[in-house]
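protein-v2.pdb (PDB, C-alpha atoms)
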ATOM      1  CA  MET A   1     -17.565 -41.276  11.119
ATOM      2  CA  PHE A   2     -19.283 -39.012  13.627
ATOM      3  CA  SER A   3     -17.449 -35.961  12.240
ATOM      4  CA  LYS A   4     -18.589 -36.756   8.700
ATOM      5  CA  LEU A   5     -22.184 -37.107   9.886
ATOM      6  CA  THR A   6     -21.905 -33.754  11.658
ATOM      7  CA  SER A   7     -20.604 -32.153   8.479
ATOM      8  CA  ILE A   8     -23.497 -33.583   6.432
ATOM      9  CA  LEU A   9     -26.041 -32.285   8.953
ATOM     10  CA  GLN A  10     -24.404 -28.867   8.959
ATOM     11  CA  HIS A  11     -24.634 -28.632   5.160
ATOM     12  CA  ALA A  12     -28.298 -29.649   5.330
ATOM     13  CA  VAL A  13     -29.027 -26.921   7.882
ATOM     14  CA  GLU A  14     -27.227 -24.328   5.738
ATOM     15  CA  VAL A  15     -29.316 -25.291   2.703
ATOM     16  CA  LEU A  16     -32.641 -25.183   4.567
ATOM     17  CA  ALA A  17     -31.901 -22.080   6.632
ATOM     18  CA  PRO A  18     -32.689 -18.657   5.154
ATOM     19  CA  SER A  19     -29.704 -17.033   3.490
ATOM     20  CA  LEU A  20     -27.822 -14.528   5.633
ATOM     21  CA  PRO A  21     -26.139 -11.359   4.407
ATOM     22  CA  LEU A  22     -22.684 -12.191   3.102
ATOM     23  CA  GLN A  23     -20.831 -10.500   5.939
ATOM     24  CA  GLU A  24     -22.826 -12.307   8.625
ATOM     25  CA  ASP A  25     -22.292 -15.590   6.820
ATOM     26  CA  PHE A  26     -18.567 -14.886   6.503
ATOM     27  CA  VAL A  27     -18.235 -14.023  10.197
ATOM     28  CA  TYR A  28     -20.203 -17.140  11.123
ATOM     29  CA  HIS A  29     -17.768 -19.445   9.299
ATOM     30  CA  TRP A  30     -14.725 -17.706  10.762
ATOM     31  CA  LYS A  31     -16.088 -17.877  14.308
ATOM     32  CA  ALA A  32     -16.882 -21.557  13.771
ATOM     33  CA  ILE A  33     -13.178 -22.108  13.090
ATOM     34  CA  THR A  34     -12.043 -20.130  16.137
ATOM     35  CA  HIS A  35     -14.588 -21.865  18.365
ATOM     36  CA  TYR A  36     -13.099 -25.212  17.390
ATOM     37  CA  TYR A  37      -9.833 -24.255  19.095
ATOM     38  CA  ILE A  38     -11.696 -23.031  22.151
ATOM     39  CA  GLU A  39     -13.996 -25.993  22.579
ATOM     40  CA  SER A  40     -12.068 -28.953  21.140
ATOM     41  CA  ALA A  41      -9.918 -30.980  23.519
ATOM     42  CA  ASP A  42      -8.589 -33.383  20.872
ATOM     43  CA  ASP A  43      -5.730 -31.672  19.033
ATOM     44  CA  LYS A  44      -4.435 -34.913  17.528
ATOM     45  CA  ALA A  45      -7.394 -35.586  15.245
ATOM     46  CA  PRO A  46      -6.540 -34.685  11.618
ATOM     47  CA  VAL A  47      -8.058 -31.523  10.219
ATOM     48  CA  THR A  48      -9.936 -33.574   7.619
ATOM     49  CA  ASP A  49     -12.045 -35.003  10.453
ATOM     50  CA  THR A  50     -13.210 -31.502  11.379
ATOM     51  CA  ASN A  51     -15.368 -28.888   9.663
ATOM     52  CA  ILE A  52     -12.433 -26.471   9.264
ATOM     53  CA  PRO A  53     -11.792 -27.232   5.552
ATOM     54  CA  SER A  54     -15.485 -26.711   4.790
ATOM     55  CA  HIS A  55     -15.588 -23.390   6.642
ATOM     56  CA  LEU A  56     -12.456 -22.151   4.861
ATOM     57  CA  GLU A  57     -13.936 -23.093   1.502
ATOM     58  CA  GLN A  58     -17.177 -21.296   2.360
ATOM     59  CA  MET A  59     -15.247 -18.170   3.380
ATOM     60  CA  LEU A  60     -13.408 -18.195   0.078
ATOM     61  CA  ASP A  61     -16.629 -18.634  -1.907
ATOM     62  CA  ILE A  62     -18.195 -15.698  -0.042
ATOM     63  CA  LEU A  63     -15.221 -13.441  -0.851
ATOM     64  CA  ILE A  64     -15.432 -14.376  -4.538
ATOM     65  CA  GLN A  65     -19.199 -13.840  -4.619
ATOM     66  CA  GLU A  66     -18.829 -10.488  -2.877
ATOM     67  CA  GLU A  67     -16.257  -9.301  -5.406
ATOM     68  CA  ASN A  68     -18.445 -10.390  -8.338
ATOM     69  CA  GLU A  69     -21.382  -8.427  -6.972
ATOM     70  CA  ARG A  70     -19.440  -5.183  -6.528
ATOM     71  CA  GLU A  71     -17.785  -2.745  -8.877
ATOM     72  CA  SER A  72     -14.235  -3.433  -9.973
ATOM     73  CA  GLY A  73     -11.659  -2.444  -7.353
ATOM     74  CA  GLU A  74     -14.216  -1.872  -4.598
ATOM     75  CA  THR A  75     -13.498  -3.629  -1.310
ATOM     76  CA  GLY A  76     -16.530  -5.260   0.275
ATOM     77  CA  PRO A  77     -17.316  -5.679   3.988
ATOM     78  CA  CYS A  78     -16.208  -9.336   4.037
ATOM     79  CA  MET A  79     -12.785  -8.475   2.657
ATOM     80  CA  GLU A  80     -12.604  -5.532   5.046
ATOM     81  CA  TYR A  81     -13.345  -7.935   7.893
ATOM     82  CA  LEU A  82     -10.586 -10.306   6.740
ATOM     83  CA  LEU A  83      -8.062  -7.473   6.575
ATOM     84  CA  HIS A  84      -9.102  -5.652   9.758
ATOM     85  CA  HIS A  85      -9.204  -8.781  11.937
ATOM     86  CA  LYS A  86      -5.912 -10.117  10.543
ATOM     87  CA  ILE A  87      -7.433 -13.443   9.579
ATOM     88  CA  LEU A  88      -4.488 -14.356   7.344
ATOM     89  CA  GLU A  89      -2.080 -13.721  10.220
ATOM     90  CA  THR A  90      -4.101 -16.031  12.460
ATOM     91  CA  LEU A  91      -4.252 -18.711   9.773
ATOM     92  CA  TYR A  92      -0.490 -18.489   9.324
ATOM     93  CA  THR A  93      -0.007 -19.104  13.052
ATOM     94  CA  LEU A  94      -2.308 -22.117  12.947
ATOM     95  CA  GLY A  95      -0.575 -23.437   9.843
ATOM     96  CA  LYS A  96       2.866 -23.037  11.334
ATOM     97  CA  ALA A  97       1.784 -25.025  14.402
ATOM     98  CA  ASP A  98       0.029 -27.514  12.082
ATOM     99  CA  CYS A  99      -2.772 -27.780  14.611
ATOM    100  CA  PRO A 100      -4.796 -29.837  14.080
ATOM    101  CA  PRO A 101      -2.532 -32.064  11.964
ATOM    102  CA  GLY A 102      -2.886 -31.124   8.307
ATOM    103  CA  MET A 103      -3.764 -27.483   9.048
ATOM    104  CA  LYS A 104      -0.652 -26.218   7.242
ATOM    105  CA  GLN A 105      -1.904 -27.821   4.043
ATOM    106  CA  GLN A 106      -5.315 -26.187   4.441
ATOM    107  CA  VAL A 107      -3.733 -22.780   5.053
ATOM    108  CA  LEU A 108      -1.525 -23.086   1.955
ATOM    109  CA  VAL A 109      -4.549 -24.003  -0.153
ATOM    110  CA  PHE A 110      -6.556 -21.067   1.236
ATOM    111  CA  TYR A 111      -3.745 -18.579   0.560
ATOM    112  CA  THR A 112      -3.225 -19.939  -2.963
ATOM    113  CA  LYS A 113      -6.901 -19.779  -3.902
ATOM    114  CA  LEU A 114      -7.352 -16.349  -2.303
ATOM    115  CA  LEU A 115      -4.443 -14.796  -4.229
ATOM    116  CA  GLY A 116      -5.368 -16.624  -7.428
ATOM    117  CA  ARG A 117      -9.132 -16.053  -7.537
ATOM    118  CA  ILE A 118      -9.534 -12.559  -6.089
ATOM    119  CA  ARG A 119      -8.972 -10.014  -8.844
ATOM    120  CA  GLN A 120      -8.362  -6.930  -6.707
ATOM    121  CA  PRO A 121      -4.730  -6.422  -5.599
ATOM    122  CA  LEU A 122      -4.291  -7.863  -2.120
ATOM    123  CA  LEU A 123      -0.522  -7.973  -1.648
ATOM    124  CA  PRO A 124      -0.163  -4.186  -1.110
ATOM    125  CA  HIS A 125      -2.162  -4.565   2.128
ATOM    126  CA  ILE A 126       0.147  -4.995   5.117
ATOM    127  CA  ASN A 127      -2.191  -7.593   6.633
ATOM    128  CA  VAL A 128      -1.744  -9.647   3.464
ATOM    129  CA  HIS A 129       1.881  -9.339   2.371
ATOM    130  CA  ARG A 130       3.213  -9.681   5.928
ATOM    131  CA  PRO A 131       1.655 -13.136   6.584
ATOM    132  CA  VAL A 132       2.470 -14.088   2.979
ATOM    133  CA  GLN A 133       6.124 -13.331   3.704
ATOM    134  CA  LYS A 134       6.004 -15.479   6.816
ATOM    135  CA  LEU A 135       4.355 -18.349   4.979
ATOM    136  CA  ILE A 136       7.009 -18.155   2.260
ATOM    137  CA  ARG A 137       9.680 -18.759   4.898
ATOM    138  CA  LEU A 138       7.962 -22.006   5.904
ATOM    139  CA  CYS A 139       8.092 -23.367   2.372
ATOM    140  CA  GLY A 140      10.995 -25.669   1.568
ATOM    141  CA  GLU A 141      12.160 -25.945   5.186
ATOM    142  CA  VAL A 142      11.475 -29.690   5.191
ATOM    143  CA  LEU A 143      12.328 -31.678   2.067
ATOM    144  CA  THR A 144       9.720 -34.178   0.845
ATOM    145  CA  ALA A 145       7.198 -32.677   3.274
ATOM    146  CA  PRO A 146       3.553 -33.796   3.001
ATOM    147  CA  THR A 147       2.672 -30.219   2.000
ATOM    148  CA  GLU A 148       5.277 -29.954  -0.761
ATOM    149  CA  ASN A 149       2.779 -29.795  -3.640
ATOM    150  CA  GLU A 150       0.768 -27.107  -1.858
ATOM    151  CA  GLU A 151       3.955 -25.156  -1.127
ATOM    152  CA  ILE A 152       4.928 -25.204  -4.818
ATOM    153  CA  GLN A 153       1.481 -24.039  -5.896
ATOM    154  CA  PHE A 154       1.520 -21.251  -3.300
ATOM    155  CA  LEU A 155       4.969 -20.015  -4.353
ATOM    156  CA  CYS A 156       3.990 -20.193  -8.023
ATOM    157  CA  ILE A 157       0.949 -17.973  -7.483
ATOM    158  CA  VAL A 158       3.094 -15.471  -5.561
ATOM    159  CA  CYS A 159       5.602 -15.449  -8.445
ATOM    160  CA  ALA A 160       2.742 -14.946 -10.916
ATOM    161  CA  LYS A 161       1.520 -11.930  -8.930
ATOM    162  CA  LEU A 162       5.026 -10.440  -8.851
ATOM    163  CA  LYS A 163       5.386 -10.995 -12.607
ATOM    164  CA  GLN A 164       2.039  -9.329 -13.195
ATOM    165  CA  ASP A 165       2.918  -6.319 -10.995
ATOM    166  CA  PRO A 166       6.724  -6.098 -10.498
ATOM    167  CA  TYR A 167       6.389  -3.156  -8.114
ATOM    168  CA  LEU A 168       5.014  -5.590  -5.512
ATOM    169  CA  VAL A 169       8.584  -6.818  -4.949
ATOM    170  CA  ASN A 170       9.088  -3.658  -2.885
ATOM    171  CA  PHE A 171       6.711  -4.972  -0.236
ATOM    172  CA  PHE A 172       8.862  -8.100   0.173
ATOM    173  CA  LEU A 173      12.139  -6.157   0.377
ATOM    174  CA  GLU A 174      10.829  -3.355   2.588
ATOM    175  CA  ASN A 175      11.433  -5.183   5.878
ATOM    176  CA  LYS A 176      15.108  -5.815   5.081
ATOM    177  CA  LEU A 177      15.709  -2.137   4.262
ATOM    178  CA  LYS A 178      13.898  -1.089   7.446
ATOM    179  CA  THR A 179      16.060  -3.478   9.484
ATOM    180  CA  LEU A 180      19.233  -1.946   8.030
ATOM    181  CA  ALA A 181      18.006   1.584   8.720
ATOM    182  CA  THR A 182      17.134   0.617  12.306
ATOM    183  CA  LYS A 183      20.606  -0.805  12.913
ATOM    184  CA  GLN A 184      22.245   2.357  11.560
ATOM    185  CA  SER A 185      19.953   4.525  13.687
ATOM    186  CA  ASP A 186      20.769   2.488  16.808
ATOM    187  CA  ALA A 187      24.509   2.852  16.169
ATOM    188  CA  SER A 188      24.131   6.618  15.743
ATOM    189  CA  SER A 189      22.086   6.865  18.966
ATOM    190  CA  LYS A 190      24.702   4.933  20.938
ATOM    191  CA  ALA A 191      27.466   7.231  19.656
ATOM    192  CA  GLN A 192      25.424  10.282  20.634
ATOM    193  CA  GLU A 193      24.795   8.857  24.125
ATOM    194  CA  SER A 194      28.530   8.228  24.595
ATOM    195  CA  ASN A 195      29.312  11.836  23.672
ATOM    196  CA  GLU A 196      26.676  13.111  26.099
ATOM    197  CA  VAL A 197      28.116  11.013  28.936
ATOM    198  CA  LEU A 198      31.632  12.255  28.191
ATOM    199  CA  ILE A 199      30.469  15.851  28.102
ATOM    200  CA  ALA A 200      28.667  15.382  31.419
ATOM    201  CA  ASP A 201      31.816  13.947  33.030
ATOM    202  CA  THR A 202      33.998  16.856  31.857
ATOM    203  CA  GLY A 203      31.426  19.473  32.781
ATOM    204  CA  GLN A 204      31.466  20.965  29.293
ATOM    205  CA  THR A 205      28.469  21.759  27.121
ATOM    206  CA  ALA A 206      28.153  20.306  23.655
ATOM    207  CA  GLU A 207      26.738  23.336  21.837
ATOM    208  CA  PRO A 208      29.601  25.901  21.931
ATOM    209  CA  GLY A 209      32.418  23.362  22.134
ATOM    210  CA  ILE A 210      34.274  21.258  19.577
ATOM    211  CA  MET A 211      35.302  17.635  20.157
ATOM    212  CA  CYS A 212      38.964  17.160  19.420
ATOM    213  CA  GLY A 213      41.971  15.080  20.349
ATOM    214  CA  SER A 214      42.336  11.333  20.824
ATOM    215  CA  THR A 215      40.546  11.545  24.191
ATOM    216  CA  GLY A 216      37.545  13.343  22.714
ATOM    217  CA  ALA A 217      37.821  16.219  25.224
ATOM    218  CA  ALA A 218      35.541  19.169  24.663
ATOM    219  CA  VAL A 219      37.167  22.538  23.983
ATOM    220  CA  ASN A 220      35.123  25.627  24.721
ATOM    221  CA  SER A 221      35.463  28.010  21.795
ATOM    222  CA  GLY A 222      34.423  30.914  23.994
ATOM    223  CA  THR A 223      37.556  30.710  26.194
ATOM    224  CA  LEU A 224      40.149  30.233  23.445
ATOM    225  CA  SER A 225      41.313  32.633  20.787
ATOM    226  CA  GLU A 226      41.066  31.651  17.144
ATOM    227  CA  SER A 227      44.807  30.978  16.876
ATOM    228  CA  GLU A 228      44.871  28.908  20.088
ATOM    229  CA  LEU A 229      41.920  26.863  18.913
ATOM    230  CA  SER A 230      43.568  26.265  15.526
ATOM    231  CA  ASP A 231      46.857  25.203  17.171
ATOM    232  CA  ASP A 232      45.055  22.843  19.534
ATOM    233  CA  LEU A 233      43.163  21.195  16.671
ATOM    234  CA  SER A 234      46.348  20.824  14.617
ATOM    235  CA  ALA A 235      48.197  19.244  17.532
ATOM    236  CA  SER A 236      45.349  16.855  18.170
ATOM    237  CA  LEU A 237      45.233  15.783  14.533
ATOM    238  CA  ASP A 238      49.002  15.315  14.426
ATOM    239  CA  SER A 239      48.847  13.042  17.481
ATOM    240  CA  LEU A 240      46.509  10.639  15.696
ATOM    241  CA  ASP A 241      48.056   7.767  13.751
ATOM    242  CA  MET A 242      45.990   8.024  10.580
ATOM    243  CA  THR A 243      47.733   5.106   8.884
ATOM    244  CA  THR A 244      46.644   2.602  11.514
ATOM    245  CA  GLN A 245      42.948   3.447  11.364
ATOM    246  CA  PRO A 246      41.027   0.647   9.588
ATOM    247  CA  GLU A 247      38.619   1.609   6.851
ATOM    248  CA  ALA A 248      35.053   1.707   8.108
ATOM    249  CA  PRO A 249      33.026  -1.214   6.755
ATOM    250  CA  ILE A 250      30.180  -0.387   4.401
ATOM    251  CA  ASN A 251      26.846  -1.769   5.480
ATOM    252  CA  ARG A 252      24.952  -3.292   2.588
ATOM    253  CA  PRO A 253      21.454  -4.711   2.704
ATOM    254  CA  ASN A 254      21.172  -8.473   2.827
ATOM    255  CA  GLN A 255      20.554  -9.708  -0.697
ATOM    256  CA  ASP A 256      18.994 -13.028   0.392
ATOM    257  CA  TYR A 257      15.462 -13.277  -0.917
ATOM    258  CA  ASN A 258      13.148 -15.651   0.913
ATOM    259  CA  LEU A 259      10.967 -16.417  -2.092
ATOM    260  CA  VAL A 260      13.959 -17.477  -4.185
ATOM    261  CA  ASN A 261      15.453 -19.494  -1.326
ATOM    262  CA  SER A 262      12.175 -21.322  -0.771
ATOM    263  CA  LEU A 263      11.928 -22.210  -4.451
ATOM    264  CA  LEU A 264      15.535 -23.413  -4.518
ATOM    265  CA  ASN A 265      14.980 -25.567  -1.456
ATOM    266  CA  LEU A 266      11.972 -27.198  -3.101
ATOM    267  CA  THR A 267      13.962 -27.948  -6.276
ATOM    268  CA  ARG A 268      16.468 -29.886  -4.169
ATOM    269  CA  SER A 269      13.746 -32.235  -2.982
ATOM    270  CA  PRO A 270      14.039 -35.726  -4.519
ATOM    271  CA  VAL A 271      10.260 -35.801  -4.965
ATOM    272  CA  SER A 272      10.152 -32.682  -7.135
ATOM    273  CA  CYS A 273      13.161 -33.746  -9.244
TER     274      CYS A 273
END
What do you get writing this file as structure tokens?
Amino acid sequence: MFSKLTSILQHAVEVLAPSLPLQEDFVYHWKAITHYYIESADDKAPVTDTNIPSHLEQMLDILIQEENERESGETGPCMEYLLHHKILETLYTLGKADCPPGMKQQVLVFYTKLLGRIRQPLLPHINVHRPVQKLIRLCGEVLTAPTENEEIQFLCIVCAKLKQDPYLVNFFLENKLKTLATKQSDASSKAQESNEVLIADTGQTAEPGIMCGSTGAAVNSGTLSESELSDDLSASLDSLDMTTQPEAPINRPNQDYNLVNSLLNLTRSPVSC
């Protein structure tokens, strides 16, 4: 009851107070949300008993108003503030912790409305598609969750954006390809380090020498004639059992797609059937 009275008084003050520039108003609402977590000692009260939903709605309205007042495709200071200060990343963290209770639902609603109502492309921004990816992974984890309807609406708007601009799929697959490239680079670095250690132990240098033989010993081409070097390489190759060497496995990128998996998980829910 007290929280509702506080909310009513706050709205009255906002109506009577002189209007602030959009960016100042936007920052005010965001700081009001962050101050709640600094000042509030009761983390068990539901989010509906706080002013957080109202502040999120006001932030969204400001972003829409800002876009309507500017030329098409131009990013305003409020949107710049949201991107630069990683507000979506912070909201994802709060939603994942569901603190206060019901915050995940509020975050899903904010993401859905932001992607659906803002006309300029947001997903290409790293501070947008990265938290969107993380939020996708949360969807469908718990069947018949209280946030199931909001999860479906959020995933549907993401699918609509991908259908509208198919190239955006690259931003969702980029991390998997980078992970594969990192693993291959790490394997190559480890092999190079092993060769350097072996060369250091034998006292040979890697530049003028050739690695040969089953022991990987370095042969200095400056101290052997061409015929001796050729004979040594042939003998080393003959000593290897080529038939027993297993074929090297081919690394392929993981084809699992989080958006599809989240949608499939939600279709298995008895509530959505």
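Picture a line from CA of Tyr37 (chain A) to CA of Tyr92 (chain A); it runs 14.7 Å.
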re CA of Glu148 (chain A) and CA of Leu108 (chain A): distance 10.0 Å
| By how many Å are CA of Gly76 (chain A) and CA of Glu151 (chain A) apart? |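 It comes out at 28.6 Å.
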Q. Pick from A:Cys156, A:Leu114, A:Val47, A:Leu122: nearest to Leu168 (chain A), with all atoms listed in the file counted?
A.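 Ranking A:Cys156, A:Leu114, A:Val47, A:Leu122 by distance to Leu168 (chain A), first place goes to A:Leu122.
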- Tell me, as a ChimeraX atom specification, which residues lie within 10 Å of Arg117 (chain A), counting only C-alpha atoms; anything in the same chain fewer than 4 positions away does not count. /A:60-61,63-64,112-113
Review point. Nearest to Ile62 (chain A): which of A:Leu123, A:Val142, A:Cys78, A:Ala32 is it, counting all atoms listed in the file?
Key: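 Of A:Leu123, A:Val142, A:Cys78, A:Ala32, the one nearest Ile62 (chain A) is A:Cys78, counting all atoms listed in the file.
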Mind telling me what the PyMOL selection byres ((chain A and resi 161) around 12) catches here, as a CSV table (one decimal) with C-alpha atoms, in the frame of the given file?
chain,number,residue,atom,x,y,z
A,112,THR,CA,-3.2,-19.9,-3.0
A,114,LEU,CA,-7.4,-16.3,-2.3
A,115,LEU,CA,-4.4,-14.8,-4.2
A,116,GLY,CA,-5.4,-16.6,-7.4
A,117,ARG,CA,-9.1,-16.1,-7.5
A,118,ILE,CA,-9.5,-12.6,-6.1
A,119,ARG,CA,-9.0,-10.0,-8.8
A,120,GLN,CA,-8.4,-6.9,-6.7
A,121,PRO,CA,-4.7,-6.4,-5.6
A,122,LEU,CA,-4.3,-7.9,-2.1
A,123,LEU,CA,-0.5,-8.0,-1.6
A,124,PRO,CA,-0.2,-4.2,-1.1
A,129,HIS,CA,1.9,-9.3,2.4
A,154,PHE,CA,1.5,-21.3,-3.3
A,155,LEU,CA,5.0,-20.0,-4.4
A,156,CYS,CA,4.0,-20.2,-8.0
A,157,ILE,CA,0.9,-18.0,-7.5
A,158,VAL,CA,3.1,-15.5,-5.6
A,159,CYS,CA,5.6,-15.4,-8.4
A,160,ALA,CA,2.7,-14.9,-10.9
A,162,LEU,CA,5.0,-10.4,-8.9
A,163,LYS,CA,5.4,-11.0,-12.6
A,164,GLN,CA,2.0,-9.3,-13.2
A,165,ASP,CA,2.9,-6.3,-11.0
A,166,PRO,CA,6.7,-6.1,-10.5
A,167,TYR,CA,6.4,-3.2,-8.1
A,168,LEU,CA,5.0,-5.6,-5.5
A,169,VAL,CA,8.6,-6.8,-4.9
Could you give me the centre and size, in Å to one decimal, of an axis-aligned box around all listed atoms of region 143-160 of chain A with 4 Å added on every side, as lines of an AutoDock Vina configuration file?
center_x = 6.5
center_y = -24.6
center_z = -3.8
size_x = 19.6
size_y = 27.2
size_z = 22.2
Min atom-atom distance to Leu173 (chain A) from the set A:Gln133, A:Asp49, A:Ala97, A:Leu22, counting only C-alpha atoms, belongs to A:Gln133
Check: Near Ala41 (chain A), counting only C-alpha atoms, which residues have an atom at most 12 Å away, once you skip same-chain residues fewer than 5 positions from it, shown as a list in words?
Finding: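 Here the answer would be His35, Tyr36, Cys99 and Pro100 of chain A.
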Hey, can you spit out that residue selection with C-alpha atoms as a CSV table (one decimal), keeping the file's coordinate frame?
chain,number,residue,atom,x,y,z
A,35,HIS,CA,-14.6,-21.9,18.4
A,36,TYR,CA,-13.1,-25.2,17.4
A,99,CYS,CA,-2.8,-27.8,14.6
A,100,PRO,CA,-4.8,-29.8,14.1
Contacts of region 102-105 of chain A within 12 Å, only C-alpha atoms, excl. fewer than 5 positions in-chain, as a PyMOL selection string | chain A and resi 33+43-53+56+90-97+110-112+135+138-139+145-154
Show which residues sit within 8 Å of Gln23 (chain A), as a list in words. Count all atoms listed in the file, and ignore same-chain residues fewer than 3 positions away.
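Here the answer would be Phe26, Val27, Pro77 and Cys78 of chain A.
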